[in-house]
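S.K.: The structure follows.
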Amino acid sequence: MAVGKVLVRIPWHIIFLASILVVVGSLALYSASEGSWIPWAGRHAIRAGVGLAIVIVFAFIDFKYIRAIVYPLFLVTVIVLILLLFIGTGSGVSRWITIGGFTFQPSEPAKIAVIMVLARYFDEQPADKFQSILTYLPTLVLVGIPFVLVLKQPDLGTALMLFLGAIAVIFVAGIPWRYVTIAFISGCAAIPVLWMNLHAYQKARVMTFLNPEADMLGTGYQITQSKIALGSGGMFGKGFLLGSQTHLNYLPEKQTDFVFTMIGEEFGLVGNLFILLIYLLIVAAILHISYRVASRFAQLTCVGIAVMLFLYMFVNVAMVTGLLPVVGAPLPLISYGGTAMLTVFAGIGIVASANVHDRIE
């Protein structure tokens, strides 16, 4: 395909919206470091530049080649997740691999690998097989192995987002409602088993979610300070660089998990709603592309990536507002964190490739 035709078909509106979030993130991190580009804001902007380059590179790769490497990519992902349990680093966990001074979190791109392997699997199934339960049994392996490996790190938040993203692909693929009902009942019945296998700190987070006032200076400190900061921002916020909870260091993890709270304190409800609007526009744009692409594989992949981005946003916002337990989930393209940001850009790049090369004329 000619270069000019590729450039015209690249979804520049999605790239523009993503760039807005990157700028918001850079300014938020600039504020979090007391008006300095070091140590977070500058690196965030540089990584965003790399991410945008990744999107453009993916756009020039024919989507059929991306489809061809799905199974090898999934196998490599599983192998890396297994190795991570033995060579991974972290404070009491095994979530990161450090190579040459760079830290990488394999569980983030694993979300895309699971989405794409499910999309290809269902793309290969004849339409008459979607009514058979046997068609869905292999998905237990495709989803279950990476889910368990991420859960063993332990990283409950990422594991749940991986699982929910996979469920979205399976649902859109056309699973009959009777199997959805059985799966829902089975999931509810498995909650006690899941609870018994949670780590002590994970159980503490759930109990804090149910009653954050029980230990406001201990396990409930994070969510309590988050609510105070959000509430103090009011409608229009205290102003850029003027967040008291942030700059007096009452707000924990302000550069990562609680950056949405910091933005709410400085720019108020209006600032938070603006961010949510940008996310929803990106998700809607990706879903629109899923209706325009030709192959079922491309459709399912785009839907899965849209759901992944939505879950990133939803889990983080619900966490910092007290609607979900604190699980450690970054706000995509805004929170400081290279692997999560590049994973989102890789997802957008895959969508761009589908729009360029697999689009219905």
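Chains: A, B, ... in order of the structure tokens. Residues: from 1 per chain. Ligands: from 1, in order shown.
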Quick one: everything within 12 Å of Ile61 (chain A), counting only C-alpha atoms, minus sequence neighbours fewer than 2 positions away in the same chain. Send it as a list in words.

M.R.: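 The filter keeps Met1, Val3, Val6, Ile10, Ile54, Val55, Ile56, Val57, Phe58, Ala59, Phe63, Lys64, Tyr65, Ile66, Arg67, Ala68, Gly349, Ile350, Val351, Ala352, Ser353, Ala354, Asn355, Val356, His357 and Asp358 of chain A.
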
S.K.: Using N, CA, C and O atoms, can you write the selected residues to a file as an mmCIF file, in the first residue's frame?

M.R.:
```
data_model
loop_
_atom_site.group_PDB
_atom_site.id
_atom_site.type_symbol
_atom_site.label_atom_id
_atom_site.label_comp_id
_atom_site.auth_asym_id
_atom_site.auth_seq_id
_atom_site.Cartn_x
_atom_site.Cartn_y
_atom_site.Cartn_z
ATOM 1 N N MET A 1 0.839 -1.193 0.000
ATOM 2 C CA MET A 1 0.000 0.000 0.000
ATOM 3 C C MET A 1 0.876 1.247 0.000
ATOM 4 O O MET A 1 1.880 1.294 0.714
ATOM 5 N N VAL A 3 2.471 4.877 0.649
ATOM 6 C CA VAL A 3 2.662 5.595 1.913
ATOM 7 C C VAL A 3 1.573 6.622 2.134
ATOM 8 O O VAL A 3 1.033 6.765 3.236
ATOM 9 N N VAL A 6 -1.612 5.023 3.344
ATOM 10 C CA VAL A 6 -1.489 4.618 4.746
ATOM 11 C C VAL A 6 -1.680 5.815 5.665
ATOM 12 O O VAL A 6 -2.431 5.767 6.645
ATOM 13 N N ILE A 10 -4.622 6.330 8.664
ATOM 14 C CA ILE A 10 -4.276 6.278 10.092
ATOM 15 C C ILE A 10 -5.324 7.061 10.888
ATOM 16 O O ILE A 10 -5.662 8.183 10.505
ATOM 17 N N ILE A 54 5.519 4.079 17.921
ATOM 18 C CA ILE A 54 5.041 2.691 17.840
ATOM 19 C C ILE A 54 3.731 2.623 17.070
ATOM 20 O O ILE A 54 3.521 1.730 16.239
ATOM 21 N N VAL A 55 2.832 3.574 17.315
ATOM 22 C CA VAL A 55 1.550 3.598 16.608
ATOM 23 C C VAL A 55 1.774 3.734 15.106
ATOM 24 O O VAL A 55 1.157 3.008 14.300
ATOM 25 N N ILE A 56 2.642 4.645 14.703
ATOM 26 C CA ILE A 56 2.900 4.871 13.281
ATOM 27 C C ILE A 56 3.526 3.632 12.638
ATOM 28 O O ILE A 56 3.155 3.228 11.522
ATOM 29 N N VAL A 57 4.479 3.004 13.356
ATOM 30 C CA VAL A 57 5.120 1.796 12.825
ATOM 31 C C VAL A 57 4.095 0.688 12.623
ATOM 32 O O VAL A 57 4.054 0.026 11.570
ATOM 33 N N PHE A 58 3.232 0.475 13.609
ATOM 34 C CA PHE A 58 2.189 -0.550 13.495
ATOM 35 C C PHE A 58 1.263 -0.264 12.318
ATOM 36 O O PHE A 58 0.802 -1.182 11.632
ATOM 37 N N ALA A 59 0.972 1.014 12.095
ATOM 38 C CA ALA A 59 0.056 1.378 11.012
ATOM 39 C C ALA A 59 0.583 0.945 9.648
ATOM 40 O O ALA A 59 -0.195 0.672 8.730
ATOM 41 N N PHE A 63 -1.994 -5.934 8.465
ATOM 42 C CA PHE A 63 -2.667 -6.588 9.589
ATOM 43 C C PHE A 63 -2.619 -8.108 9.496
ATOM 44 O O PHE A 63 -2.690 -8.791 10.515
ATOM 45 N N LYS A 64 -2.476 -8.639 8.293
ATOM 46 C CA LYS A 64 -2.415 -10.100 8.153
ATOM 47 C C LYS A 64 -1.133 -10.650 8.785
ATOM 48 O O LYS A 64 -1.114 -11.784 9.273
ATOM 49 N N TYR A 65 -0.078 -9.834 8.822
ATOM 50 C CA TYR A 65 1.157 -10.273 9.466
ATOM 51 C C TYR A 65 1.015 -10.262 10.983
ATOM 52 O O TYR A 65 1.584 -11.115 11.676
ATOM 53 N N ILE A 66 0.277 -9.287 11.481
ATOM 54 C CA ILE A 66 0.009 -9.258 12.924
ATOM 55 C C ILE A 66 -0.796 -10.484 13.323
ATOM 56 O O ILE A 66 -0.522 -11.122 14.345
ATOM 57 N N ARG A 67 -1.779 -10.836 12.493
ATOM 58 C CA ARG A 67 -2.580 -12.032 12.774
ATOM 59 C C ARG A 67 -1.716 -13.284 12.769
ATOM 60 O O ARG A 67 -1.910 -14.189 13.590
ATOM 61 N N ALA A 68 -0.742 -13.330 11.877
ATOM 62 C CA ALA A 68 0.089 -14.527 11.726
ATOM 63 C C ALA A 68 0.960 -14.812 12.943
ATOM 64 O O ALA A 68 1.303 -15.974 13.204
ATOM 65 N N GLY A 349 -1.885 1.189 18.119
ATOM 66 C CA GLY A 349 -1.186 0.876 16.875
ATOM 67 C C GLY A 349 -1.803 -0.307 16.156
ATOM 68 O O GLY A 349 -1.928 -0.308 14.918
ATOM 69 N N ILE A 350 -2.207 -1.316 16.912
ATOM 70 C CA ILE A 350 -2.857 -2.493 16.313
ATOM 71 C C ILE A 350 -4.189 -2.090 15.694
ATOM 72 O O ILE A 350 -4.547 -2.532 14.595
ATOM 73 N N VAL A 351 -4.934 -1.241 16.388
ATOM 74 C CA VAL A 351 -6.189 -0.721 15.835
ATOM 75 C C VAL A 351 -5.919 0.066 14.559
ATOM 76 O O VAL A 351 -6.656 -0.041 13.569
ATOM 77 N N ALA A 352 -4.847 0.875 14.566
ATOM 78 C CA ALA A 352 -4.490 1.650 13.372
ATOM 79 C C ALA A 352 -4.168 0.728 12.200
ATOM 80 O O ALA A 352 -4.589 0.988 11.064
ATOM 81 N N SER A 353 -3.446 -0.354 12.462
ATOM 82 C CA SER A 353 -3.123 -1.315 11.406
ATOM 83 C C SER A 353 -4.389 -1.939 10.828
ATOM 84 O O SER A 353 -4.517 -2.091 9.605
ATOM 85 N N ALA A 354 -5.319 -2.285 11.709
ATOM 86 C CA ALA A 354 -6.588 -2.859 11.245
ATOM 87 C C ALA A 354 -7.355 -1.857 10.392
ATOM 88 O O ALA A 354 -7.933 -2.211 9.357
ATOM 89 N N ASN A 355 -7.360 -0.606 10.805
ATOM 90 C CA ASN A 355 -8.094 0.430 10.068
ATOM 91 C C ASN A 355 -7.455 0.705 8.707
ATOM 92 O O ASN A 355 -8.137 0.975 7.722
ATOM 93 N N VAL A 356 -6.134 0.616 8.646
ATOM 94 C CA VAL A 356 -5.418 0.894 7.400
ATOM 95 C C VAL A 356 -5.518 -0.262 6.415
ATOM 96 O O VAL A 356 -5.794 -0.074 5.216
ATOM 97 N N HIS A 357 -5.322 -1.499 6.891
ATOM 98 C CA HIS A 357 -5.136 -2.641 5.996
ATOM 99 C C HIS A 357 -6.323 -3.607 5.943
ATOM 100 O O HIS A 357 -6.397 -4.417 5.020
ATOM 101 N N ASP A 358 -7.221 -3.554 6.936
ATOM 102 C CA ASP A 358 -8.296 -4.548 6.987
ATOM 103 C C ASP A 358 -9.668 -3.877 6.933
ATOM 104 O O ASP A 358 -10.665 -4.434 7.352
#
```

S.K.: Which neighbours of His199 (chain A) fall inside 12 Å, counting only C-alpha atoms, when residues of the same chain fewer than 2 positions from it are skipped, and could you give them as a PyMOL selection string?

M.R.: chain A and resi 92-93+151-156+194-197+201-206

S.K.: Would you save the residues of that selection, restricted to all heavy atoms, as a compact mmCIF listing (two decimals), in the first residue's frame?

M.R.:
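As a result, part.txt now contains:
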```
# COMPACT_ATOMS: atom_id res chain seq x y z
N GLY A 92 8.55 -7.46 47.64
CA GLY A 92 7.71 -8.56 48.10
C GLY A 92 6.88 -9.20 47.01
O GLY A 92 6.09 -10.11 47.28
N VAL A 93 7.05 -8.76 45.75
CA VAL A 93 6.30 -9.32 44.63
C VAL A 93 7.26 -9.60 43.48
O VAL A 93 8.42 -9.23 43.52
CB VAL A 93 5.19 -8.35 44.16
CG1 VAL A 93 4.15 -8.15 45.25
CG2 VAL A 93 5.79 -7.00 43.76
N LEU A 151 -1.77 -13.73 38.67
CA LEU A 151 -2.28 -13.78 40.03
C LEU A 151 -1.21 -14.24 41.01
O LEU A 151 -1.19 -13.83 42.18
CB LEU A 151 -3.50 -14.72 40.09
CG LEU A 151 -4.46 -14.57 41.28
CD1 LEU A 151 -5.08 -13.17 41.28
CD2 LEU A 151 -5.55 -15.63 41.19
N LYS A 152 -0.29 -15.08 40.53
CA LYS A 152 0.76 -15.62 41.40
C LYS A 152 1.86 -14.60 41.69
O LYS A 152 2.69 -14.82 42.56
CB LYS A 152 1.39 -16.86 40.74
CG LYS A 152 0.46 -18.07 40.66
CD LYS A 152 0.27 -18.73 42.01
CE LYS A 152 1.53 -19.45 42.45
NZ LYS A 152 1.34 -20.16 43.74
N GLN A 153 1.89 -13.47 40.99
CA GLN A 153 3.02 -12.52 41.14
C GLN A 153 3.14 -11.91 42.54
O GLN A 153 4.30 -11.69 42.96
CB GLN A 153 2.89 -11.43 40.06
CG GLN A 153 3.09 -11.97 38.66
CD GLN A 153 2.95 -10.88 37.61
OE1 GLN A 153 2.81 -9.70 37.92
NE2 GLN A 153 2.97 -11.27 36.35
N PRO A 154 2.16 -11.50 43.28
CA PRO A 154 0.73 -11.42 42.96
C PRO A 154 0.36 -10.04 42.44
O PRO A 154 0.89 -9.03 42.88
CB PRO A 154 0.08 -11.67 44.31
CG PRO A 154 1.04 -11.08 45.30
CD PRO A 154 2.43 -11.24 44.72
N ASP A 155 -0.60 -10.02 41.49
CA ASP A 155 -1.10 -8.76 40.94
C ASP A 155 -2.58 -8.96 40.62
O ASP A 155 -2.96 -9.22 39.48
CB ASP A 155 -0.31 -8.37 39.69
CG ASP A 155 -0.62 -6.96 39.23
OD1 ASP A 155 -1.58 -6.37 39.75
OD2 ASP A 155 0.09 -6.46 38.35
N LEU A 156 -3.41 -8.82 41.65
CA LEU A 156 -4.83 -9.09 41.51
C LEU A 156 -5.49 -8.13 40.55
O LEU A 156 -6.33 -8.53 39.73
CB LEU A 156 -5.51 -9.01 42.88
CG LEU A 156 -7.03 -9.25 42.90
CD1 LEU A 156 -7.36 -10.64 42.39
CD2 LEU A 156 -7.58 -9.05 44.32
N LEU A 194 -11.98 -17.98 46.00
CA LEU A 194 -11.06 -16.90 45.66
C LEU A 194 -10.66 -16.13 46.91
O LEU A 194 -9.49 -15.80 47.09
CB LEU A 194 -11.71 -15.95 44.65
CG LEU A 194 -10.89 -14.73 44.25
CD1 LEU A 194 -9.59 -15.16 43.57
CD2 LEU A 194 -11.70 -13.82 43.32
N TRP A 195 -11.62 -15.89 47.79
CA TRP A 195 -11.34 -15.15 49.03
C TRP A 195 -10.33 -15.89 49.90
O TRP A 195 -9.39 -15.28 50.44
CB TRP A 195 -12.64 -14.92 49.80
CG TRP A 195 -12.44 -14.30 51.15
CD1 TRP A 195 -12.42 -14.94 52.36
CD2 TRP A 195 -12.20 -12.92 51.42
NE1 TRP A 195 -12.21 -14.04 53.38
CE2 TRP A 195 -12.06 -12.79 52.83
CE3 TRP A 195 -12.11 -11.78 50.63
CZ2 TRP A 195 -11.83 -11.57 53.44
CZ3 TRP A 195 -11.88 -10.56 51.24
CH2 TRP A 195 -11.73 -10.47 52.62
N MET A 196 -10.48 -17.20 50.01
CA MET A 196 -9.58 -17.99 50.85
C MET A 196 -8.16 -18.01 50.30
O MET A 196 -7.20 -18.22 51.04
CB MET A 196 -10.10 -19.42 51.00
CG MET A 196 -11.34 -19.54 51.88
SD MET A 196 -11.84 -21.25 52.20
CE MET A 196 -12.32 -21.79 50.56
N ASN A 197 -8.01 -17.76 48.98
CA ASN A 197 -6.68 -17.80 48.37
C ASN A 197 -6.05 -16.42 48.21
O ASN A 197 -4.95 -16.31 47.67
CB ASN A 197 -6.77 -18.49 47.01
CG ASN A 197 -6.93 -20.00 47.12
OD1 ASN A 197 -5.96 -20.73 47.29
ND2 ASN A 197 -8.17 -20.47 47.05
N TYR A 201 -2.81 -8.94 52.63
CA TYR A 201 -2.93 -7.52 52.28
C TYR A 201 -4.08 -7.30 51.30
O TYR A 201 -4.71 -6.24 51.28
CB TYR A 201 -1.61 -6.99 51.73
CG TYR A 201 -1.32 -7.35 50.29
CD1 TYR A 201 -1.70 -6.51 49.25
CD2 TYR A 201 -0.65 -8.53 49.98
CE1 TYR A 201 -1.43 -6.84 47.93
CE2 TYR A 201 -0.36 -8.85 48.67
CZ TYR A 201 -0.76 -8.01 47.65
OH TYR A 201 -0.49 -8.34 46.35
N GLN A 202 -4.36 -8.30 50.45
CA GLN A 202 -5.48 -8.18 49.52
C GLN A 202 -6.81 -8.24 50.25
O GLN A 202 -7.74 -7.49 49.94
CB GLN A 202 -5.39 -9.28 48.46
CG GLN A 202 -4.20 -9.14 47.53
CD GLN A 202 -4.00 -10.33 46.63
OE1 GLN A 202 -4.39 -11.47 46.96
NE2 GLN A 202 -3.38 -10.12 45.47
N LYS A 203 -6.90 -9.11 51.26
CA LYS A 203 -8.11 -9.16 52.07
C LYS A 203 -8.30 -7.84 52.82
O LYS A 203 -9.43 -7.34 52.96
CB LYS A 203 -8.03 -10.33 53.05
CG LYS A 203 -8.10 -11.70 52.41
CD LYS A 203 -8.04 -12.80 53.45
CE LYS A 203 -8.13 -14.18 52.81
NZ LYS A 203 -8.07 -15.27 53.81
N ALA A 204 -7.20 -7.29 53.31
CA ALA A 204 -7.27 -6.01 54.03
C ALA A 204 -7.80 -4.91 53.12
O ALA A 204 -8.57 -4.04 53.57
CB ALA A 204 -5.89 -5.64 54.57
N ARG A 205 -7.41 -4.92 51.85
CA ARG A 205 -7.89 -3.91 50.91
C ARG A 205 -9.40 -4.03 50.70
O ARG A 205 -10.11 -3.03 50.60
CB ARG A 205 -7.17 -4.06 49.57
CG ARG A 205 -5.73 -3.56 49.59
CD ARG A 205 -5.07 -3.77 48.24
NE ARG A 205 -3.72 -3.20 48.21
CZ ARG A 205 -2.92 -3.26 47.15
NH1 ARG A 205 -3.34 -3.85 46.04
NH2 ARG A 205 -1.71 -2.71 47.20
N VAL A 206 -9.89 -5.27 50.62
CA VAL A 206 -11.32 -5.47 50.44
C VAL A 206 -12.08 -4.99 51.68
O VAL A 206 -13.12 -4.31 51.56
CB VAL A 206 -11.63 -6.96 50.17
CG1 VAL A 206 -13.14 -7.19 50.11
CG2 VAL A 206 -10.98 -7.40 48.86
```

S.K.: Quick one: residues within 9 Å of Pro325 (chain A), only C-alpha atoms counted, chain neighbours fewer than 2 positions away excluded, as a list in words?

M.R.: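 With the cut-off at 9 Å, the set is Arg205, Val206, Met207, Thr208, Phe209, Leu210, Ile223, Ala318, Met319, Val320, Gly322, Leu323 and Val327 of chain A.
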
S.K.: Could those selected residues go to a file with N, CA and C atoms, as a PDB file, in the first residue's frame?

M.R.:
```
ATOM      1  N   ARG A 205      -7.405  -4.922  51.845  1.00  0.00           N
ATOM      2  CA  ARG A 205      -7.895  -3.910  50.909  1.00  0.00           C
ATOM      3  C   ARG A 205      -9.398  -4.030  50.698  1.00  0.00           C
ATOM      4  N   VAL A 206      -9.887  -5.270  50.621  1.00  0.00           N
ATOM      5  CA  VAL A 206     -11.322  -5.475  50.443  1.00  0.00           C
ATOM      6  C   VAL A 206     -12.081  -4.993  51.677  1.00  0.00           C
ATOM      7  N   MET A 207     -11.599  -5.318  52.867  1.00  0.00           N
ATOM      8  CA  MET A 207     -12.257  -4.890  54.090  1.00  0.00           C
ATOM      9  C   MET A 207     -12.207  -3.371  54.241  1.00  0.00           C
ATOM     10  N   THR A 208     -11.113  -2.768  53.808  1.00  0.00           N
ATOM     11  CA  THR A 208     -11.008  -1.311  53.844  1.00  0.00           C
ATOM     12  C   THR A 208     -12.008  -0.686  52.886  1.00  0.00           C
ATOM     13  N   PHE A 209     -12.204  -1.307  51.733  1.00  0.00           N
ATOM     14  CA  PHE A 209     -13.194  -0.830  50.777  1.00  0.00           C
ATOM     15  C   PHE A 209     -14.593  -0.836  51.389  1.00  0.00           C
ATOM     16  N   LEU A 210     -14.904  -1.890  52.130  1.00  0.00           N
ATOM     17  CA  LEU A 210     -16.227  -2.009  52.743  1.00  0.00           C
ATOM     18  C   LEU A 210     -16.416  -1.030  53.895  1.00  0.00           C
ATOM     19  N   ILE A 223      -7.405   5.794  50.662  1.00  0.00           N
ATOM     20  CA  ILE A 223      -8.700   6.170  50.099  1.00  0.00           C
ATOM     21  C   ILE A 223      -9.288   7.360  50.840  1.00  0.00           C
ATOM     22  N   ALA A 318     -12.677   4.281  39.653  1.00  0.00           N
ATOM     23  CA  ALA A 318     -13.517   3.684  40.694  1.00  0.00           C
ATOM     24  C   ALA A 318     -12.724   3.418  41.967  1.00  0.00           C
ATOM     25  N   MET A 319     -11.443   3.090  41.804  1.00  0.00           N
ATOM     26  CA  MET A 319     -10.584   2.818  42.960  1.00  0.00           C
ATOM     27  C   MET A 319     -10.353   4.085  43.778  1.00  0.00           C
ATOM     28  N   VAL A 320      -9.980   5.181  43.124  1.00  0.00           N
ATOM     29  CA  VAL A 320      -9.618   6.395  43.863  1.00  0.00           C
ATOM     30  C   VAL A 320     -10.837   7.129  44.404  1.00  0.00           C
ATOM     31  N   GLY A 322     -13.377   5.333  45.725  1.00  0.00           N
ATOM     32  CA  GLY A 322     -13.946   4.454  46.750  1.00  0.00           C
ATOM     33  C   GLY A 322     -15.017   3.515  46.264  1.00  0.00           C
ATOM     34  N   LEU A 323     -15.198   3.407  44.945  1.00  0.00           N
ATOM     35  CA  LEU A 323     -16.214   2.508  44.403  1.00  0.00           C
ATOM     36  C   LEU A 323     -15.692   1.084  44.224  1.00  0.00           C
ATOM     37  N   VAL A 327      -6.473  -1.508  44.223  1.00  0.00           N
ATOM     38  CA  VAL A 327      -5.798  -2.681  43.647  1.00  0.00           C
ATOM     39  C   VAL A 327      -4.521  -2.321  42.909  1.00  0.00           C
TER      40      VAL A 327
END
```

S.K.: For the strand (DSSP E or B) assignment from backbone DSSP, which residues of region 80-217 of chain A qualify? Please present them as a list in words.

M.R.: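 Those in region 80-217 of chain A that DSSP calls strand (DSSP E or B) are Thr89, Trp96, Ile97, Thr98, Ile99, Phe102, Thr103 and Phe104 of chain A.
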
S.K.: Those residues with N, CA, C and O atoms, as a short mmCIF file (atom, residue, chain, number, x, y, z; two decimals), in the first residue's frame please?

M.R.:
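So the final result, stored in selection37.cif, reads:
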```
data_model
loop_
_atom_site.label_atom_id
_atom_site.label_comp_id
_atom_site.auth_asym_id
_atom_site.auth_seq_id
_atom_site.Cartn_x
_atom_site.Cartn_y
_atom_site.Cartn_z
N THR A 89 11.40 -8.88 39.91
CA THR A 89 11.79 -8.02 41.02
C THR A 89 10.58 -7.24 41.52
O THR A 89 9.57 -7.12 40.83
N TRP A 96 8.17 -7.29 37.90
CA TRP A 96 8.99 -6.55 36.95
C TRP A 96 10.26 -7.32 36.59
O TRP A 96 10.80 -8.08 37.39
N ILE A 97 10.71 -7.09 35.36
CA ILE A 97 12.00 -7.59 34.91
C ILE A 97 12.87 -6.38 34.59
O ILE A 97 12.45 -5.48 33.85
N THR A 98 14.07 -6.35 35.14
CA THR A 98 14.99 -5.24 34.91
C THR A 98 16.10 -5.69 33.98
O THR A 98 16.82 -6.65 34.27
N ILE A 99 16.22 -5.00 32.83
CA ILE A 99 17.24 -5.32 31.83
C ILE A 99 17.97 -4.04 31.45
O ILE A 99 17.35 -3.10 30.93
N PHE A 102 16.48 -0.76 32.51
CA PHE A 102 15.08 -0.53 32.15
C PHE A 102 14.21 -1.57 32.86
O PHE A 102 14.52 -2.76 32.87
N THR A 103 13.10 -1.09 33.43
CA THR A 103 12.18 -1.97 34.13
C THR A 103 10.94 -2.22 33.27
O THR A 103 10.35 -1.27 32.73
N PHE A 104 10.57 -3.48 33.16
CA PHE A 104 9.49 -3.89 32.27
C PHE A 104 8.51 -4.77 33.04
O PHE A 104 8.91 -5.65 33.80
#
```

S.K.: Quick one: residues within 12 Å of Phe314 (chain A), only C-alpha atoms, excluding same-chain residues fewer than 4 positions away - as a PyMOL selection string?

M.R.: chain A and resi 157+161+260+275-276+279-280+283+307-310+318-324+329-332

S.K.: Residues of region 44-122 of chain A in alpha helix (DSSP H) according to DSSP, as an NGL selection string?

M.R.: :A and (44-59 or 63-68 or 70-87 or 107-122)

S.K.: Excluding same-chain residues fewer than 5 positions from Gly239 (chain A), what lies within 10 Å of it counting only C-alpha atoms, as a PyMOL selection string?

M.R.: chain A and resi 233+263-268

S.K.: From the options A:Gly234, A:Gln299, A:Gln222, A:Arg178, which residue's atoms come nearest to Asn249 (chain A), counting only C-alpha atoms?

M.R.: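 For Asn249 (chain A), the nearest of the candidates is A:Gln222.
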
S.K.: Looking at only C-alpha atoms, which of A:Ala41, A:Ala190, A:Val70, A:Val303 is the one that sits closest to Val23 (chain A)?

M.R.: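 Distance minimum relative to Val23 (chain A) lands on A:Ala41.
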
S.K.: Report the distance between CA of Ala229 (chain A) and CA of Ala45 (chain A) in Å, rounded to one decimal place.

M.R.: 25.5 Å

S.K.: Pick out the residues sitting within 7 Å of region 164-168 of chain A, and hand them over as a PyMOL selection string; count only C-alpha atoms, and ignore anything fewer than 3 positions along from it in its own chain.

M.R.: chain A and resi 114-115+143+160-161+171-172+304+307-308

S.K.: Please identify all polymer residues within 8 Å of Ala306 (chain A), counting only C-alpha atoms, omitting same-chain residues fewer than 6 positions from it, and present them as number ranges by chain.

M.R.: A: 283-284, 286-287

S.K.: From the options A:Gly231, A:Phe236, A:Cys188, A:Thr256, which residue's atoms come nearest to Leu273 (chain A), counting only C-alpha atoms?

M.R.: A:Phe236

S.K.: When you count only C-alpha atoms, which of these residues is closest to Val141 (chain A): A:Val78, A:Ile191, A:Ile15, A:Leu241?

M.R.: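 Nearest candidate to Val141 (chain A) out of A:Val78, A:Ile191, A:Ile15, A:Leu241: A:Val78.
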
S.K.: Closest to Lys111 (chain A) among A:Ser232, A:Thr261, A:Thr158, A:Ser132, using only C-alpha atoms?

M.R.: A:Thr158

S.K.: For Phe258 (chain A), which residue out of A:Leu85, A:Leu118, A:Leu21, A:Val326 is the nearest one, using only C-alpha atoms?

M.R.: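 When distances to Phe258 (chain A) are compared using only C-alpha atoms, the smallest one comes from A:Val326.
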